[in-house]
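Visitor: As input, take data20.txt (compact mmCIF, C-alpha atoms):
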```txt
# COMPACT_ATOMS: atom_id res chain seq x y z
CA MET L 1 15.29 15.78 19.17
CA LYS L 2 18.66 17.39 18.44
CA PHE L 3 19.67 20.36 20.53
CA PHE L 4 18.66 23.75 19.21
CA GLU L 5 22.23 24.68 18.24
CA ASP L 6 22.50 21.60 15.99
CA ILE L 7 19.37 22.30 13.94
CA GLN L 8 19.93 23.93 10.54
CA VAL L 9 17.41 25.87 8.47
CA GLY L 10 16.71 23.73 5.40
CA GLU L 11 17.11 20.45 7.28
CA VAL L 12 14.34 17.95 6.42
CA PHE L 13 12.91 15.36 8.79
CA ALA L 14 11.60 12.42 6.72
CA LEU L 15 8.72 11.08 8.80
CA GLY L 16 7.59 8.13 6.68
CA ARG L 17 4.54 7.09 4.71
CA HIS L 18 0.99 6.11 5.52
CA SER L 19 -1.54 4.38 3.22
CA PHE L 20 -5.14 5.33 3.93
CA GLY L 21 -7.51 2.34 3.85
CA ALA L 22 -11.29 2.57 3.50
CA ASP L 23 -11.97 1.11 6.96
CA GLU L 24 -9.75 3.57 8.85
CA ILE L 25 -11.05 6.52 6.79
CA LYS L 26 -14.62 5.60 7.73
CA ALA L 27 -13.77 4.80 11.35
CA PHE L 28 -12.09 8.17 11.91
CA ALA L 29 -14.80 10.12 10.11
CA THR L 30 -17.66 8.29 11.83
CA ARG L 31 -16.27 9.51 15.14
CA PHE L 32 -15.00 12.99 14.24
CA ASP L 33 -16.11 14.17 10.78
CA PRO L 34 -19.21 12.26 9.64
CA GLN L 35 -19.75 14.10 6.37
CA LEU L 36 -21.16 11.67 3.82
CA PHE L 37 -18.14 11.79 1.47
CA HIS L 38 -15.94 10.54 4.34
CA VAL L 39 -18.19 7.67 5.52
CA ASP L 40 -20.20 6.32 2.57
CA GLU L 41 -18.76 5.19 -0.79
CA ASP L 42 -22.00 5.70 -2.74
CA ALA L 43 -22.67 9.16 -1.37
CA ALA L 44 -19.01 10.07 -1.96
CA ALA L 45 -19.28 8.98 -5.61
CA ARG L 46 -22.11 11.51 -6.03
CA SER L 47 -20.25 14.30 -4.17
CA HIS L 48 -17.88 16.94 -5.58
CA PHE L 49 -14.99 14.65 -4.53
CA GLY L 50 -16.22 11.77 -6.72
CA ALA L 51 -15.02 9.02 -4.35
CA LEU L 52 -14.55 8.25 -0.66
CA CYS L 53 -11.79 10.41 0.80
CA ALA L 54 -10.23 10.96 4.21
CA SER L 55 -11.21 13.78 6.54
CA GLY L 56 -8.61 16.53 6.31
CA TRP L 57 -8.23 16.23 10.08
CA HIS L 58 -7.37 12.55 9.64
CA THR L 59 -4.60 13.50 7.19
CA ALA L 60 -3.31 15.96 9.80
CA VAL L 61 -3.35 13.65 12.83
CA VAL L 62 -1.45 10.94 10.92
CA TRP L 63 1.33 13.54 10.59
CA MET L 64 1.26 13.96 14.39
CA ARG L 65 1.57 10.21 14.92
CA LEU L 66 4.51 9.93 12.54
CA MET L 67 6.22 12.93 14.18
CA VAL L 68 5.85 11.36 17.65
CA ASP L 69 7.31 8.09 16.32
CA PHE L 70 10.15 9.98 14.62
CA ARG L 71 11.09 11.82 17.83
CA ARG L 72 10.90 8.57 19.79
CA GLY L 73 13.28 6.97 17.29
CA LEU L 74 15.78 9.82 17.76
CA LEU L 75 15.47 9.46 21.53
CA GLU L 76 16.07 5.71 21.49
CA THR L 77 19.04 6.03 19.13
CA ALA L 78 20.63 8.70 21.32
CA GLN L 79 19.97 6.75 24.51
CA ALA L 80 21.51 3.60 22.96
CA ARG L 81 24.65 5.67 22.26
CA GLY L 82 24.64 7.20 25.73
CA GLU L 83 24.22 10.66 24.20
CA PRO L 84 22.15 13.44 25.76
CA VAL L 85 18.85 14.32 24.09
CA ALA L 86 17.22 17.73 23.78
CA GLY L 87 13.87 18.22 25.41
CA ILE L 88 11.08 19.62 23.30
CA GLY L 89 8.38 21.90 24.62
CA PRO L 90 4.69 21.79 23.81
CA ALA L 91 3.51 22.91 20.38
CA LEU L 92 1.70 26.21 20.68
CA GLY L 93 -0.35 25.82 17.55
CA PHE L 94 -0.28 25.71 13.80
CA ARG L 95 -0.53 28.23 11.00
CA GLU L 96 -1.60 28.23 7.39
CA LEU L 97 -2.90 24.67 7.35
CA LYS L 98 -4.04 23.90 3.81
CA TRP L 99 -5.74 20.83 2.44
CA LEU L 100 -4.56 20.98 -1.16
CA LYS L 101 -5.96 17.75 -2.64
CA PRO L 102 -8.31 15.03 -1.39
CA VAL L 103 -6.79 11.84 0.03
CA PHE L 104 -8.64 8.92 -1.57
CA VAL L 105 -8.82 5.28 -0.48
CA GLY L 106 -5.49 3.58 -1.20
CA ASP L 107 -3.50 6.81 -1.45
CA THR L 108 -0.07 6.67 0.19
CA ILE L 109 1.03 9.94 1.75
CA ASP L 110 4.71 10.67 2.33
CA TYR L 111 5.19 13.12 5.21
CA ALA L 112 8.17 15.38 5.83
CA SER L 113 8.91 18.48 7.92
CA GLU L 114 11.48 21.08 6.84
CA VAL L 115 13.07 23.57 9.22
CA VAL L 116 12.23 27.04 7.86
CA GLU L 117 13.30 29.26 10.77
CA THR L 118 15.17 29.08 14.06
CA ARG L 119 15.28 31.86 16.60
CA HIS L 120 16.03 32.50 20.25
CA SER L 121 13.27 32.43 22.83
CA ASN L 122 12.90 35.44 25.05
CA SER L 123 10.36 33.77 27.33
CA ARG L 124 12.30 30.52 27.94
CA PRO L 125 16.07 31.15 28.03
CA GLY L 126 17.01 27.45 28.01
CA PHE L 127 15.13 26.90 24.74
CA GLY L 128 15.12 28.07 21.14
CA LEU L 129 12.19 28.19 18.76
CA MET L 130 12.09 26.00 15.66
CA THR L 131 9.53 26.64 12.91
CA ILE L 132 8.88 23.78 10.49
CA ARG L 133 6.81 23.47 7.34
CA SER L 134 5.21 20.04 7.26
CA THR L 135 3.85 18.52 4.09
CA GLY L 136 2.20 15.33 2.91
CA VAL L 137 2.67 14.30 -0.72
CA ASN L 138 0.69 11.55 -2.45
CA GLN L 139 1.99 8.78 -4.72
CA HIS L 140 1.50 11.07 -7.75
CA GLY L 141 3.84 13.67 -6.26
CA GLU L 142 0.97 16.05 -5.42
CA PRO L 143 1.00 17.89 -2.08
CA VAL L 144 -2.21 17.12 -0.15
CA ILE L 145 -1.53 18.98 3.12
CA SER L 146 0.81 21.75 4.25
CA PHE L 147 1.17 23.68 7.49
CA LEU L 148 3.63 25.62 9.64
CA SER L 149 4.26 25.03 13.33
CA THR L 150 6.64 26.38 15.95
CA THR L 151 8.05 24.40 18.86
CA PHE L 152 10.42 25.04 21.75
CA VAL L 153 13.63 22.98 21.48
CA GLU L 154 16.13 22.76 24.33
CA ARG L 155 19.49 24.50 23.97
CA ARG L 156 22.68 22.53 24.54
CA PRO L 157 23.68 22.77 28.19
CA ALA L 158 26.87 24.71 28.92
CA PRO L 159 29.82 22.33 29.49
CA PRO L 160 30.41 21.68 33.21
CA MET Z 1 -26.33 26.18 6.42
CA LYS Z 2 -28.01 29.50 5.72
CA PHE Z 3 -27.48 31.09 2.33
CA PHE Z 4 -24.50 33.39 2.04
CA GLU Z 5 -26.71 36.52 1.84
CA ASP Z 6 -28.32 35.69 5.20
CA ILE Z 7 -25.07 35.35 7.16
CA GLN Z 8 -24.06 38.40 9.21
CA VAL Z 9 -20.61 39.27 10.50
CA GLY Z 10 -20.78 38.91 14.28
CA GLU Z 11 -23.24 36.03 14.15
CA VAL Z 12 -22.30 33.20 16.55
CA PHE Z 13 -22.97 29.52 15.97
CA ALA Z 14 -23.24 27.80 19.38
CA LEU Z 15 -22.01 24.28 18.71
CA GLY Z 16 -22.42 22.66 22.12
CA ARG Z 17 -20.23 21.19 24.81
CA HIS Z 18 -18.05 18.13 25.17
CA SER Z 19 -16.61 16.64 28.37
CA PHE Z 20 -13.27 14.90 27.91
CA GLY Z 21 -13.03 11.57 29.77
CA ALA Z 22 -9.77 9.77 30.57
CA ASP Z 23 -10.61 6.76 28.39
CA GLU Z 24 -11.31 8.76 25.23
CA ILE Z 25 -8.26 11.00 25.81
CA LYS Z 26 -6.05 7.92 26.03
CA ALA Z 27 -7.77 6.12 23.12
CA PHE Z 28 -7.32 9.08 20.76
CA ALA Z 29 -3.73 9.72 21.84
CA THR Z 30 -2.73 6.05 21.69
CA ARG Z 31 -3.69 6.09 18.02
CA PHE Z 32 -2.61 9.57 16.93
CA ASP Z 33 -0.50 11.38 19.54
CA PRO Z 34 1.11 8.89 21.93
CA GLN Z 35 3.12 11.38 23.96
CA LEU Z 36 3.30 10.15 27.55
CA PHE Z 37 1.32 13.07 29.05
CA HIS Z 38 -1.65 12.10 26.81
CA VAL Z 39 -1.66 8.34 27.52
CA ASP Z 40 -0.31 7.69 31.03
CA GLU Z 41 -1.56 9.36 34.23
CA ASP Z 42 1.65 8.80 36.21
CA ALA Z 43 3.94 10.10 33.47
CA ALA Z 44 1.57 13.05 32.96
CA ALA Z 45 1.77 13.90 36.67
CA ARG Z 46 5.56 14.21 36.31
CA SER Z 47 5.34 16.26 33.06
CA HIS Z 48 5.14 20.03 32.64
CA PHE Z 49 1.34 19.63 32.35
CA GLY Z 50 1.07 18.04 35.81
CA ALA Z 51 -1.86 15.75 34.89
CA LEU Z 52 -3.26 13.73 31.99
CA CYS Z 53 -4.51 16.06 29.24
CA ALA Z 54 -6.01 15.68 25.79
CA SER Z 55 -4.01 15.90 22.59
CA GLY Z 56 -4.51 19.33 21.05
CA TRP Z 57 -5.64 17.55 17.88
CA HIS Z 58 -8.32 15.77 19.90
CA THR Z 59 -9.62 19.15 21.12
CA ALA Z 60 -9.69 20.29 17.47
CA VAL Z 61 -11.46 17.27 15.97
CA VAL Z 62 -14.21 17.43 18.59
CA TRP Z 63 -14.95 20.91 17.18
CA MET Z 64 -15.25 19.33 13.71
CA ARG Z 65 -17.71 16.73 14.98
CA LEU Z 66 -19.85 19.34 16.71
CA MET Z 67 -19.81 21.55 13.57
CA VAL Z 68 -20.97 18.63 11.39
CA ASP Z 69 -23.77 17.88 13.86
CA PHE Z 70 -24.74 21.58 13.96
CA ARG Z 71 -24.96 21.80 10.16
CA ARG Z 72 -26.97 18.58 10.06
CA GLY Z 73 -29.40 20.04 12.59
CA LEU Z 74 -29.88 23.15 10.42
CA LEU Z 75 -30.45 20.94 7.38
CA GLU Z 76 -33.05 18.78 9.11
CA THR Z 77 -34.89 21.81 10.50
CA ALA Z 78 -35.03 23.44 7.07
CA GLN Z 79 -36.12 20.23 5.37
CA ALA Z 80 -38.89 19.73 7.95
CA ARG Z 81 -40.14 23.23 7.07
CA GLY Z 82 -39.81 22.59 3.34
CA GLU Z 83 -37.27 25.41 3.07
CA PRO Z 84 -34.26 25.36 0.73
CA VAL Z 85 -30.83 24.88 2.29
CA ALA Z 86 -27.54 26.38 1.20
CA GLY Z 87 -24.79 24.02 0.12
CA ILE Z 88 -21.42 24.40 1.72
CA GLY Z 89 -18.14 23.78 -0.09
CA PRO Z 90 -15.10 22.02 1.27
CA ALA Z 91 -12.96 23.72 3.90
CA LEU Z 92 -9.66 24.76 2.41
CA GLY Z 93 -7.75 24.81 5.66
CA PHE Z 94 -7.39 26.88 8.76
CA ARG Z 95 -5.17 29.62 10.12
CA GLU Z 96 -3.71 30.66 13.44
CA LEU Z 97 -4.66 27.54 15.36
CA LYS Z 98 -3.65 28.08 18.97
CA TRP Z 99 -3.80 25.73 21.91
CA LEU Z 100 -4.09 28.21 24.76
CA LYS Z 101 -4.54 25.94 27.80
CA PRO Z 102 -4.37 22.18 28.38
CA VAL Z 103 -7.63 20.20 28.43
CA PHE Z 104 -7.52 17.96 31.51
CA VAL Z 105 -9.61 14.88 32.34
CA GLY Z 106 -13.14 15.96 33.23
CA ASP Z 107 -12.89 19.38 31.58
CA THR Z 108 -16.02 20.45 29.69
CA ILE Z 109 -15.31 22.53 26.59
CA ASP Z 110 -17.96 24.83 25.15
CA TYR Z 111 -17.42 25.36 21.40
CA ALA Z 112 -18.65 28.27 19.30
CA SER Z 113 -17.84 29.79 15.91
CA GLU Z 114 -18.27 33.49 15.17
CA VAL Z 115 -18.52 34.93 11.67
CA VAL Z 116 -15.65 37.43 11.33
CA GLU Z 117 -15.73 38.13 7.58
CA THR Z 118 -17.88 37.49 4.52
CA ARG Z 119 -16.79 38.19 0.96
CA HIS Z 120 -17.60 37.30 -2.63
CA SER Z 121 -15.83 34.44 -4.33
CA ASN Z 122 -14.16 35.21 -7.63
CA SER Z 123 -13.43 31.56 -8.38
CA ARG Z 124 -16.93 30.18 -7.69
CA PRO Z 125 -19.63 32.70 -8.67
CA GLY Z 126 -22.49 30.75 -7.04
CA PHE Z 127 -20.77 30.88 -3.66
CA GLY Z 128 -19.52 33.37 -1.12
CA LEU Z 129 -16.70 32.95 1.37
CA MET Z 130 -17.38 32.91 5.10
CA THR Z 131 -14.51 33.21 7.60
CA ILE Z 132 -15.22 32.09 11.16
CA ARG Z 133 -13.21 32.21 14.36
CA SER Z 134 -13.84 29.03 16.32
CA THR Z 135 -13.11 28.78 20.01
CA GLY Z 136 -13.39 26.27 22.82
CA VAL Z 137 -13.77 27.57 26.38
CA ASN Z 138 -13.44 25.43 29.50
CA GLN Z 139 -15.70 25.38 32.57
CA HIS Z 140 -13.53 28.10 34.19
CA GLY Z 141 -14.19 30.46 31.28
CA GLU Z 142 -10.66 30.04 29.88
CA PRO Z 143 -10.18 29.68 26.11
CA VAL Z 144 -8.34 26.44 25.33
CA ILE Z 145 -8.35 26.50 21.52
CA SER Z 146 -8.85 29.16 18.84
CA PHE Z 147 -8.55 29.12 15.05
CA LEU Z 148 -9.79 30.78 11.87
CA SER Z 149 -11.21 28.95 8.88
CA THR Z 150 -12.80 29.93 5.59
CA THR Z 151 -15.53 28.01 3.78
CA PHE Z 152 -17.54 28.40 0.59
CA VAL Z 153 -21.26 28.96 1.28
CA GLU Z 154 -23.86 28.85 -1.49
CA ARG Z 155 -25.52 32.10 -2.57
CA ARG Z 156 -29.33 32.34 -2.64
CA PRO Z 157 -30.57 31.31 -6.08
CA ALA Z 158 -32.17 34.09 -8.14
CA PRO Z 159 -35.98 33.91 -7.98
CA PRO Z 160 -37.44 32.05 -10.96
```
Starting from the file, give its structure as structure tokens.
Guide:
Amino acid sequence: MKFFEDIQVGEVFALGRHSFGADEIKAFATRFDPQLFHVDEDAAARSHFGALCASGWHTAVVWMRLMVDFRRGLLETAQARGEPVAGIGPALGFRELKWLKPVFVGDTIDYASEVVETRHSNSRPGFGLMTIRSTGVNQHGEPVISFLSTTFVERRPAPP
Amino acid sequence: MKFFEDIQVGEVFALGRHSFGADEIKAFATRFDPQLFHVDEDAAARSHFGALCASGWHTAVVWMRLMVDFRRGLLETAQARGEPVAGIGPALGFRELKWLKPVFVGDTIDYASEVVETRHSNSRPGFGLMTIRSTGVNQHGEPVISFLSTTFVERRPAPP
């Protein structure tokens, strides 16, 4: 991750896309959210969704995976250049998570996170706090998920 | 689920316990949250957590699984008695999700959801809205996760 001082409100992290296949939708839901419309095509066709769709939690955790990969990419790029990299603290939680539309089999969701606020941390002087709004948008341009989260990001060390 | 009219603010749904093993922590995190402190014991020992711990999303989705099982149990009990069962609408999201403590290997988390608000739905006249605060508490009595969510619950049909 960039250092706190280098992060601008309005900056967007493009995290990449994920296409949800029937097998992974059913595998995730069988383990964690076995409601019929997430695990059985015929039952889903008779449900209010009208077709098999992913657990909302599945849509959320794919964001997490893409964010971890995105940060790792930044780390590897910086290391290859011999540049220092900001540490990032644990996420403390999420707010206002909304599942706005179902994610059906074959839908491709494009994930991005936009910086909406930065502020100093009183509890951890070496860090700042970055709040991002993360969204997933389907191939029709419709938002399917949205949430806010706040993370500690390391401040740039003082020059020696 | 009970009908909306039969749900009381303050009512607690005891959802059951789950013990988090090292293999499932690593399997979930390898797929969805491959940060080193969730997938590698040695790296976790050197991290700010000090030991391997579950992804916060893993702690959350286990709640979802236990809630689905709980609702299914209510449904089967009612059906065995020949009683009607209230339908439940899709969850629209959640609010104020907080990960309060890490969940380490071997921790047993006791999940419960308490009804904190009920109100009429303007958009769906046959349903009411139930807001619950869900929590997971470890074997030391420490809350590890907390969040609010709101769901549509069917109203009792008018007598014929």
Visitor: Set the distance at 9 Å and use only C-alpha atoms: which residues neighbour Thr118 in chain L once local chain neighbours fewer than 5 positions away are removed? I'd like the list as JSON, numbers by chain.
Guide: {"L": [4, 7, 8, 9, 128, 129, 130, 131, 132]}
Visitor: Using only C-alpha atoms, please write the residues we just selected to a file, as a PDB file, keeping the file's coordinate frame.
Guide:
```
ATOM      1  CA  PHE L   4      18.660  23.750  19.210  1.00  0.00           C
ATOM      2  CA  ILE L   7      19.370  22.300  13.940  1.00  0.00           C
ATOM      3  CA  GLN L   8      19.930  23.930  10.540  1.00  0.00           C
ATOM      4  CA  VAL L   9      17.410  25.870   8.470  1.00  0.00           C
ATOM      5  CA  GLY L 128      15.120  28.070  21.140  1.00  0.00           C
ATOM      6  CA  LEU L 129      12.190  28.190  18.760  1.00  0.00           C
ATOM      7  CA  MET L 130      12.090  26.000  15.660  1.00  0.00           C
ATOM      8  CA  THR L 131       9.530  26.640  12.910  1.00  0.00           C
ATOM      9  CA  ILE L 132       8.880  23.780  10.490  1.00  0.00           C
TER      10      ILE L 132
END
```
Visitor: So which residues touch range 97-99 of chain L within 10 Å, counting all atoms listed in the file, skipping near sequence neighbours fewer than 2 positions away, as a short mmCIF file (atom, residue, chain, number, x, y, z; two decimals) with C-alpha atoms, in the coordinates of the input?
Guide:
```cif
data_model
loop_
_atom_site.label_atom_id
_atom_site.label_comp_id
_atom_site.auth_asym_id
_atom_site.auth_seq_id
_atom_site.Cartn_x
_atom_site.Cartn_y
_atom_site.Cartn_z
CA SER L 55 -11.21 13.78 6.54
CA GLY L 56 -8.61 16.53 6.31
CA TRP L 57 -8.23 16.23 10.08
CA THR L 59 -4.60 13.50 7.19
CA ALA L 60 -3.31 15.96 9.80
CA PHE L 94 -0.28 25.71 13.80
CA ARG L 95 -0.53 28.23 11.00
CA LYS L 101 -5.96 17.75 -2.64
CA PRO L 102 -8.31 15.03 -1.39
CA VAL L 103 -6.79 11.84 0.03
CA ARG L 133 6.81 23.47 7.34
CA SER L 134 5.21 20.04 7.26
CA THR L 135 3.85 18.52 4.09
CA GLY L 136 2.20 15.33 2.91
CA PRO L 143 1.00 17.89 -2.08
CA VAL L 144 -2.21 17.12 -0.15
CA ILE L 145 -1.53 18.98 3.12
CA SER L 146 0.81 21.75 4.25
CA PHE L 147 1.17 23.68 7.49
CA LEU L 148 3.63 25.62 9.64
CA SER L 149 4.26 25.03 13.33
CA PRO Z 90 -15.10 22.02 1.27
CA ALA Z 91 -12.96 23.72 3.90
CA LEU Z 92 -9.66 24.76 2.41
CA GLY Z 93 -7.75 24.81 5.66
CA PHE Z 94 -7.39 26.88 8.76
CA ARG Z 95 -5.17 29.62 10.12
CA GLU Z 96 -3.71 30.66 13.44
CA LEU Z 97 -4.66 27.54 15.36
CA SER Z 149 -11.21 28.95 8.88
#
```
Visitor: Could you tell me which of L:Val68, L:Phe104, L:Ser121, L:Leu52 comes closest to Gln139 in chain L if we count all atoms listed in the file?
Guide: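 Closest to Gln139 in chain L of all the choices is L:Phe104.
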Visitor: Find the residues near Gly141 in chain Z: any atom within 12 Å, counting all atoms listed in the file, skip ones fewer than 6 places away on the same chain, and give them as a PyMOL selection string.
Guide: chain Z and resi 101+107-111+135
Visitor: For a quick check of understanding, using only C-alpha atoms, which of L:Phe152, L:Phe3, L:Phe127, L:Phe49 has the smallest distance to chain Z?
Guide: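 The answer is L:Phe49, which sits nearest to chain Z.
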Visitor: Set the distance at 10 Å and use only C-alpha atoms: which residues neighbour Phe37 in chain L once local chain neighbours fewer than 2 positions away are removed? I'd like the list as a VMD selection string.
Guide: chain L and resid 26 29 33 to 35 39 to 55
Visitor: Excluding Val12 in chain Z and residues on its chain fewer than 4 positions from it, collect all residues at most 7 Å away from it, counting all atoms listed in the file, and give them as a ChimeraX atom specification.
Guide: /Z:112-115
Visitor: For a test of reading the model, state the distance in Å between CA of His18 in chain Z and CA of Ile88 in chain Z, rounded to one decimal.
Guide: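 So the two atoms, CA of His18 in chain Z and CA of Ile88 in chain Z, lie 24.5 Å apart.
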